[in-house]
Amino acid sequence: MSVTTDTLRIKAGADWDFTQLQSAHDEIEAVALGEMGLDIYRTQIEVITAEQMLDAYSSIGLPLMYRHWSFGKRFARDESLYRHGLRSLAYEIVINSDPCIVYIMEENTMAMQTLVLAHAAFGHNHFFKNNNLFRQWTDAGGILAYMEFAKSYIARCEEKYGEAAVERLLDAAHALMSQGVSRYPRRNFSLEDEEKRAAERRAEQQRTFNDLWRTLPGQRGPARRPTDAAERRRLLGLPEENLLYFLEKKAPLLKPWQREVLRIVRHIGQYFYPQKQTKMMNEGCATYVHYKVMNRLHERGVLDDGAMLEFLHSHTSVVFQPDFDDRRYGGLNPYALGFAMMQDIERIAERPSEEDRIWFPEIAGSGDAIGHLREAWANYRDESFIRQFLSPALIRKLRLFSVFDDGQSDLTVRAIHNERGYRQIRGALADSFDVVRQEPEIEIVDVDLDGDRRLLLQHRVHSGMVLDQGDAELVLQHLATLWGYDVRLAEVDAISERVLRTHDAGAPSR
Amino acid sequence: MNIIDRRLNPQGKSLANRQRFIRRARKQILDAVREASAKNGIADAEGERIRIRGDSLREPQLHHTARAGRRTHVVPGNKDFIEGDTIPRPPSGGGRGGSEGSPDGDSEDDFHFVLSQEEFIDLFLEDLELPDLLRRQITTAEEFTPSRAGYTTSGSASNLNLVRTMRNSLSRRIALHRPRGAELSAIEAEIAALGECEADAERRRELTAELERLTRRSRRIPFIDPIDIRFNRFQNIPRPATSAVMFCLMDVSGSMTAHMKDLAKRFYKLLYLFLSRRYRNVEVVFIRHTHVAHEVDEQTFFHSTESGGTIVSTAFEEMQRILVSRFPREQWNVYAAQASDGDNMPADNAYAVSLLETAILPSCQYFAYLEVGAEEGRYGGPTELWRAYQRVAQSGHAIAIRKVNHRSQIYPVFRQLFSRDRSTREEAGQ
């Protein structure tokens with residue numbers, strides 16, 4: 001690809017136009033694909049206004065969304081905040097689809113548009129296409145068509161069964177959305193497999209038959225009951241962590257259209273699940289890419305000094321991490337941490353210290369920073385990435401420390417940035433990015449088929465973190481509406497197996 | 001790569017969601033709207049910032065409570081802590097760890113957003129309607145518009161509905177087995193094709209007889225019968241007068257304090273807003289009176305005081321004069337609202353009432369009398385004017401009389417007057 005530096009010169013504060021956008025894209029492509037070896041979906045860049053950006057916000061970032069009041073609520077709040085100047089809008093929104101859709105705001109200057117293109121159209125795009133979680137769980141090629149279907153299907157349901165009925169159903173489904181995710185690939189049971197399994201089991205029994213067992217005393221009659229219960233659970237596919245999936249397949253009173261709507265909500269929840277788990281890495285990757293690209297463009301003279309300063313100004317405000325005692329502190333900034341970790345990997349690969357050679361023998365000094373980064377972007381999520389790559393040097397730089405909070409007495413500092421603390425801090429930080437740990441672990445464990453068909457759920461409580469009472473009851477009520485019979489949620493301590501609390505919800509009268 | 005300019009795409013994609021949202025939060029929004037309207041004038045509400053309680057807008061999720069459990073937080077920016085230090089617990093339980101937060105970042109109970117002026121007034125005037133509007137409109141309307149109203153069997157040729165007519169004709173022809181043209185021509189063709197031999201002659205005779213039978217039949221059963229014919233039917237719908245005039249009558253004698261005028265002003269404003277939602281154009285006529293009445297502009301009406309006695313009938317005379325000269329009945333819907341502290345020269349009461357009954361009320365769609373009192377509400381029994389009007393109301397005229405002492409009563413009184421639910425309206429009128 002020939003580099004034509006004199007055709008494009010981006011100046012500070014300058015307006016953009018479509019030809020400039022196109023040539024900026026080509027310049028970035030030369031760096032990102034040619035030099036960094038990124039691998040991306042085709043991109044589709046869509047220029048939108050502030051109002052359209054608000055629209056996109058309210059429909060949780062998807063370009064097509066069915067109708068529901070909660071999106072109206074989100075829009076009303078965002079609009080109010082925006083109008084009163086309390087919040088500025090994002091420069092871009094990027095969608096994990098093929099072609100990858102990047103929304104950019106018309107207000108951005110040319111320098112900003114270049115930044116946005118490098119960040120979203122190359123950084124995020126590469127991450128979406130290559131990260132294992134996205135590859136495994138999302139279908140980038142099909143999502144837009146699926147949303148088109150979802151939108152029109154729900155609109156048809158509204159026409160047919162009334163807006164109120166659909167709204168009630170969606171309310172209930174949304175309440176269970178974060179429990180509508182499958183964390184492990186599902187095993188499909190087919191009749192053929194089942195029969196094969198049964199035959200194998202019989203053969204095994206025959207092979208290992210020993211008449212002696214029959215003579216053992218006290219193993220008859222009553223022993224059959226628990227096997228029945230176990231068999232029933234197995235047939236119902238229990239325990240099941242994906243509540244929406246279970247309801248869709250097994251709830252006795254739902255009509256076919258209601259099952260389909262649950263399925264839609266479940267699919268959307270599943271589609272966003274990888275994003276939840278890779279927020280920090282995804283932003284880190286995109287920020288690292290735009291930082292690299294912009295610097296290269298500056299070196300090649302595409303960006304003049306003013307534009308570079310404009311870029312640096314917004315870059316530094318994006319990766320700014322206030323200290324814990326700062327008024328602006330609101331948790332770890334995923335952009336800051338992600339970017340810092342990417343840069344740290346680059347440093348370890350290119351300019352390692354003695355310490356790095358001990359901690360990261362595989363990558364220290366290898367010189368192929370971008371290779372290691374691409375590898376990490378493809379195979380890790382936030383939690384495992386931190387567990388693997390958070391270096392002592394970075395812990396010292398950010399001066400991370402870990403604080404233990406038992407919910408009652410004063411907080412205790414458990415570890416600081418010293419030799420004894422590194423591993424503990426690394427572990428604790430990784431845990432705090434682990435979605436499975438941050439979200440309550442809830443499963444459907446049984447259905448009382450002999451009695452009143454009560455659905456039994458269990459929350460395994462770790463470290464005494466019980467559910468929020470008020471919300472739990474509301475959600476259970478929604479669950480009972482969908483299930484059609486009573487529902488009980490028991491909170492069980494994961495270690496002692498002691499039942500801490502139970503929540504009940506009665507079925508709505510029919 | 002593709003660049004697409006979406007800026008010109010239709011805006012307001014989220015409008016449907018917004019409507020659903022407003023419907024969902026209707027009750028809370030209504031309360032908030034009424035609260036807001038008590039604070040500031042509604043006519044000058046330029047899109048209202050509304051705060052509502054978040055209860056029915058809650059989107060519950062299963063999440064850990066912030067109040068219990070053992071957690072480890074990793075926090076940046078250590079200054080001088082070392083391992084084992086204790087930090088006093090921050091006051092608002094739970095501690096501000098970075099990694100937790102409410103599930104959707106939506107912890108505030110109160111929810112703020114902006115209603116457009118249109119939405120605001122819609123909600124504000126919801127459930128109100130103009131009393132007896134339709135009946136009066138029909139009797140007074142002079143203009144008509146023709147509108148389609150089904151089909152008829154008689155009419156002028158220009159109104160013939162061909163589709164209907166042909167459909168009837170076709171079904172009748174099928175039902176009566178009228179031979180089709182194709183059948184006849186098929187038989188004719190067969191006859192023509194026959195030769196001269198004996199068998200053919202036999203067949204020819206058969207066919208000729210059949211042809212004759214069919215031809216006769218098709219002559220007897222006409223292609224289009226008069227009973228098939230349908231005409232478009234039109235009905236004359238009276239076109240409602242789309243203009244309204246609102247008369248504001250007010251006593252401005254010395255006894256009317258600024259407070260009373262403020263009450264009256266608020267009432268007029270509501271009435272104006274309400275009427276302008278229902279009619280394309282609304283004219284307002286201000287008539288103030290002491291012992292003489294004048295038509296004045298708004299500024300003078302509300303802000304200048306006059307001295308003199310109080311003769312209500314002068315205002316009615318003035319109103320009638322203006323009605324006759326400027327607002328012919330068939331084109332205008334007339335509404336009148338009178339505000340007074342109830343004082344009138346005793347000798348005038350009888351004349352005022354008879355003027356009201358004979359001249360004013362018959363030409364009015366609606367007449368409201370608002371008796372405004374001092375804020376403290378000193379109560380000295382019903383005034384002369386009140387009693388006189390009460391008699392008029394009891395004799396079945398379209399007049400509503402209400403007493404108002406405080407600003408906060410204006411809106412409830414207004415709602416009573418125009419409530420869609422007739423029973424509450426009448427009950428309140430007693």
# chains A, B, ... in the order shown; residues from 1 in each chain; ligands from 1
call {"tool": "interface_residues", "arguments": {"of": "chain A", "to": "chain B", "cutoff": "6 Å", "atoms": "only C-alpha atoms", "output": "ChimeraX atom specification"}}
result
/A:43-49,67-69,72-73,76-77,80,175,323-324,331,398-407,410-415,429,463-468,471-472,475
call {"tool": "closest_atom_pairs", "arguments": {"of": "segment 215-274 of chain B", "to": "segment 287-294 of chain B", "cutoff": "8 Å", "atoms": "only C-alpha atoms", "output": "Markdown table"}}
result
| residue | atom | partner | partner_atom | distance |
| --- | --- | --- | --- | --- |
| B:Phe247 | CA | B:Ile287 | CA | 7.2 |
| B:Cys248 | CA | B:Ile287 | CA | 6.0 |
| B:Leu249 | CA | B:Ile287 | CA | 4.9 |
| B:Met250 | CA | B:Arg288 | CA | 4.9 |
| B:Asp251 | CA | B:His289 | CA | 5.2 |
| B:Val252 | CA | B:Thr290 | CA | 5.9 |
| B:Ser253 | CA | B:Thr290 | CA | 5.2 |
call {"tool": "write_last_selection", "arguments": {"atoms": "C-alpha atoms", "output": "PDB file, in the first residue's frame"}}
result
ATOM      1  CA  PHE B 247     -65.510  36.010  27.661  1.00  0.00           C
ATOM      2  CA  CYS B 248     -63.769  36.918  30.840  1.00  0.00           C
ATOM      3  CA  LEU B 249     -65.975  39.037  33.041  1.00  0.00           C
ATOM      4  CA  MET B 250     -64.551  40.487  36.193  1.00  0.00           C
ATOM      5  CA  ASP B 251     -65.576  42.862  38.862  1.00  0.00           C
ATOM      6  CA  VAL B 252     -62.731  45.343  39.345  1.00  0.00           C
ATOM      7  CA  SER B 253     -64.244  47.526  41.991  1.00  0.00           C
TER       8      SER B 253
END
call {"tool": "residues_around", "arguments": {"residues": "segment 122-137 of chain A", "least_positions_apart": "3", "cutoff": "7 Å", "atoms": "only C-alpha atoms", "output": "PyMOL selection string"}}
result
chain A and resi 38-41+96+100+117-119+271+274+282+285-286+289-290+377-379
call {"tool": "write_last_selection", "arguments": {"atoms": "N, CA and C atoms", "output": "short mmCIF file (atom, residue, chain, number, x, y, z; two decimals), in the first residue's frame"}}
result
data_model
loop_
_atom_site.label_atom_id
_atom_site.label_comp_id
_atom_site.auth_asym_id
_atom_site.auth_seq_id
_atom_site.Cartn_x
_atom_site.Cartn_y
_atom_site.Cartn_z
N LEU A 38 -3.40 -6.57 12.61
CA LEU A 38 -4.74 -6.82 13.14
C LEU A 38 -5.59 -7.52 12.08
N ASP A 39 -6.65 -8.13 12.55
CA ASP A 39 -7.51 -8.91 11.67
C ASP A 39 -8.93 -8.48 11.99
N ILE A 40 -9.58 -7.85 11.04
CA ILE A 40 -10.87 -7.23 11.39
C ILE A 40 -11.98 -7.66 10.43
N TYR A 41 -13.24 -7.45 10.92
CA TYR A 41 -14.39 -7.57 10.05
C TYR A 41 -14.41 -6.37 9.10
N ASN A 96 -20.78 -5.26 17.71
CA ASN A 96 -20.16 -6.53 17.37
C ASN A 96 -20.99 -7.23 16.33
N CYS A 100 -18.84 -4.82 10.82
CA CYS A 100 -18.79 -4.14 12.11
C CYS A 100 -19.28 -2.70 11.95
N LEU A 117 -11.96 6.27 14.67
CA LEU A 117 -11.82 5.19 13.70
C LEU A 117 -10.78 4.17 14.16
N ALA A 118 -9.63 4.70 14.63
CA ALA A 118 -8.59 3.78 15.06
C ALA A 118 -9.06 2.96 16.25
N HIS A 119 -9.78 3.63 17.16
CA HIS A 119 -10.22 3.00 18.40
C HIS A 119 -11.28 1.92 18.13
N TYR A 271 -25.81 -12.58 24.01
CA TYR A 271 -24.97 -11.81 23.08
C TYR A 271 -24.10 -10.81 23.82
N PRO A 274 -20.34 -11.89 26.70
CA PRO A 274 -18.89 -11.73 26.52
C PRO A 274 -18.43 -10.29 26.74
N ASN A 282 -11.24 -5.25 26.32
CA ASN A 282 -11.74 -4.70 25.07
C ASN A 282 -11.35 -3.23 24.95
N CYS A 285 -7.56 -2.89 24.68
CA CYS A 285 -7.11 -3.21 23.32
C CYS A 285 -7.37 -2.04 22.39
N ALA A 286 -8.60 -1.49 22.44
CA ALA A 286 -8.93 -0.40 21.53
C ALA A 286 -8.09 0.84 21.83
N VAL A 289 -4.55 0.30 20.63
CA VAL A 289 -4.47 0.40 19.17
C VAL A 289 -4.54 1.85 18.73
N HIS A 290 -5.47 2.63 19.30
CA HIS A 290 -5.56 4.01 18.80
C HIS A 290 -4.31 4.80 19.18
N TRP A 377 -5.27 -10.99 23.48
CA TRP A 377 -6.60 -10.51 23.09
C TRP A 377 -7.48 -11.65 22.60
N ALA A 378 -6.83 -12.64 22.03
CA ALA A 378 -7.63 -13.74 21.49
C ALA A 378 -8.06 -14.72 22.57
N ASN A 379 -7.24 -14.93 23.57
CA ASN A 379 -7.46 -16.10 24.43
C ASN A 379 -7.83 -15.80 25.88
#
call {"tool": "atom_distance", "arguments": {"atom1": "atom CA of Arg204 of chain B", "atom2": "atom CA of Arg216 of chain B"}}
result
18.0 Å
call {"tool": "closest_residue", "arguments": {"among": "A:Gln477, A:Thr138, A:Ser314, A:Thr208", "to": "Val116 of chain A", "atoms": "only C-alpha atoms"}}
result
A:Ser314
call {"tool": "select_by_dssp", "arguments": {"residues": "segment 34-170 of chain A", "states": "strand (DSSP E)", "output": "number ranges by chain"}}
result
A: 43-48, 92-95, 100-105
call {"tool": "write_last_selection", "arguments": {"atoms": "C-alpha atoms", "output": "compact mmCIF listing (two decimals), in the first residue's frame"}}
result
# COMPACT_ATOMS: atom_id res chain seq x y z
CA THR A 43 -16.39 -1.95 8.67
CA GLN A 44 -19.37 0.20 8.08
CA ILE A 45 -19.08 3.71 9.40
CA GLU A 46 -22.28 5.57 10.09
CA VAL A 47 -22.33 9.26 10.82
CA ILE A 48 -25.06 10.21 13.29
CA GLU A 92 -18.59 6.48 19.15
CA ILE A 93 -20.54 3.30 19.58
CA VAL A 94 -19.34 0.10 18.01
CA ILE A 95 -21.40 -2.98 17.40
CA CYS A 100 -18.79 -4.14 12.11
CA ILE A 101 -20.91 -1.02 12.52
CA VAL A 102 -19.25 2.06 14.00
CA TYR A 103 -21.38 5.06 14.83
CA ILE A 104 -19.49 8.31 14.89
CA MET A 105 -20.85 11.66 15.95
call {"tool": "residues_around", "arguments": {"residues": "segment 384-389 of chain A", "least_positions_apart": "3", "cutoff": "8 Å", "atoms": "only C-alpha atoms", "output": "number ranges by chain"}}
result
A: 281, 341, 345, 376, 380-381, 426-427, 429-430
call {"tool": "residues_around", "arguments": {"residues": "Val334 of chain B", "least_positions_apart": "3", "cutoff": "9 Å", "atoms": "only C-alpha atoms", "output": "compact mmCIF listing (two decimals) with N, CA and C atoms, in the first residue's frame"}}
result
# COMPACT_ATOMS: atom_id res chain seq x y z
N SER B 243 -64.21 27.61 15.95
CA SER B 243 -63.72 28.77 16.67
C SER B 243 -64.50 28.92 17.97
N ALA B 244 -63.78 29.40 18.95
CA ALA B 244 -64.47 29.65 20.20
C ALA B 244 -64.10 31.04 20.70
N VAL B 245 -65.02 31.63 21.38
CA VAL B 245 -64.70 32.90 22.01
C VAL B 245 -64.93 32.73 23.51
N MET B 246 -64.02 33.29 24.24
CA MET B 246 -64.11 33.14 25.68
C MET B 246 -64.23 34.53 26.28
N PHE B 247 -65.30 34.71 27.00
CA PHE B 247 -65.51 36.01 27.66
C PHE B 247 -65.03 35.93 29.10
N LEU B 323 -71.31 40.22 21.54
CA LEU B 323 -71.75 38.97 20.90
C LEU B 323 -72.49 39.26 19.61
N PHE B 327 -69.68 38.21 17.12
CA PHE B 327 -69.60 36.75 17.14
C PHE B 327 -70.94 36.10 16.83
N ARG B 329 -73.71 33.53 16.26
CA ARG B 329 -73.84 32.27 16.99
C ARG B 329 -73.44 31.05 16.19
N SER B 363 -77.12 31.94 24.65
CA SER B 363 -76.12 32.04 23.59
C SER B 363 -74.77 31.44 24.01
N CYS B 364 -74.69 30.99 25.24
CA CYS B 364 -73.40 30.47 25.72
C CYS B 364 -73.39 28.95 25.69
N GLN B 365 -72.24 28.42 25.40
CA GLN B 365 -72.04 26.99 25.54
C GLN B 365 -71.94 26.65 27.01
N TYR B 366 -71.32 27.53 27.72
CA TYR B 366 -70.99 27.23 29.10
C TYR B 366 -70.76 28.55 29.82
N PHE B 367 -71.30 28.61 31.03
CA PHE B 367 -71.08 29.83 31.81
C PHE B 367 -70.62 29.41 33.19
call {"tool": "residues_around", "arguments": {"residues": "Thr305 of chain B", "least_positions_apart": "2", "cutoff": "9 Å", "atoms": "only C-alpha atoms", "output": "list in words"}}
result
Val252, Ser253, Gly254, Met256, Thr300, Phe301, Phe302, His303 and Ser307 of chain B
call {"tool": "write_last_selection", "arguments": {"atoms": "C-alpha atoms", "output": "PDB file, in the first residue's frame"}}
result
ATOM      1  CA  VAL B 252     -62.731  45.343  39.345  1.00  0.00           C
ATOM      2  CA  SER B 253     -64.244  47.526  41.991  1.00  0.00           C
ATOM      3  CA  GLY B 254     -62.223  48.396  45.044  1.00  0.00           C
ATOM      4  CA  MET B 256     -61.513  43.008  44.687  1.00  0.00           C
ATOM      5  CA  THR B 300     -55.611  46.612  31.864  1.00  0.00           C
ATOM      6  CA  PHE B 301     -57.966  43.843  32.789  1.00  0.00           C
ATOM      7  CA  PHE B 302     -55.690  42.317  35.356  1.00  0.00           C
ATOM      8  CA  HIS B 303     -53.583  45.164  36.529  1.00  0.00           C
ATOM      9  CA  SER B 307     -63.206  52.811  41.726  1.00  0.00           C
TER      10      SER B 307
END
call {"tool": "residues_around", "arguments": {"residues": "Ser391 of chain A", "least_positions_apart": "3", "cutoff": "8 Å", "atoms": "only C-alpha atoms", "output": "PDB file with N, CA and C atoms, in the first residue's frame"}}
result
ATOM      1  N   ASP A 344       2.205  -2.272  29.472  1.00  0.00           N
ATOM      2  CA  ASP A 344       3.120  -2.999  30.332  1.00  0.00           C
ATOM      3  C   ASP A 344       3.617  -4.265  29.631  1.00  0.00           C
ATOM      4  N   ASP A 356      10.870  -8.835  35.724  1.00  0.00           N
ATOM      5  CA  ASP A 356       9.972  -9.324  34.679  1.00  0.00           C
ATOM      6  C   ASP A 356      10.428 -10.680  34.161  1.00  0.00           C
ATOM      7  N   TRP A 359       9.071 -13.144  36.558  1.00  0.00           N
ATOM      8  CA  TRP A 359       7.600 -13.263  36.570  1.00  0.00           C
ATOM      9  C   TRP A 359       7.052 -13.733  35.231  1.00  0.00           C
ATOM     10  N   LEU A 394       3.500  -2.823  37.428  1.00  0.00           N
ATOM     11  CA  LEU A 394       2.261  -2.053  37.260  1.00  0.00           C
ATOM     12  C   LEU A 394       1.551  -1.864  38.607  1.00  0.00           C
ATOM     13  N   ILE A 395       1.626  -2.880  39.457  1.00  0.00           N
ATOM     14  CA  ILE A 395       1.020  -2.734  40.785  1.00  0.00           C
ATOM     15  C   ILE A 395       1.688  -1.573  41.521  1.00  0.00           C
TER      16      ILE A 395
END
call {"tool": "atom_distance", "arguments": {"atom1": "atom CA of Ala149 of chain B", "atom2": "atom CA of Ile229 of chain B"}}
result
16.5 Å
call {"tool": "atom_distance", "arguments": {"atom1": "atom CA of Thr109 of chain A", "atom2": "atom CA of Trp16 of chain A"}}
result
6.1 Å
call {"tool": "closest_residue", "arguments": {"among": "A:Leu297, A:Gly13, A:Glu195, A:His84", "to": "Glu29 of chain A", "atoms": "only C-alpha atoms"}}
result
A:Leu297
call {"tool": "closest_residue", "arguments": {"among": "B:Gly373, B:Gln28, B:Ala336, B:Phe316", "to": "Ala352 of chain B", "atoms": "only C-alpha atoms"}}
result
B:Phe316
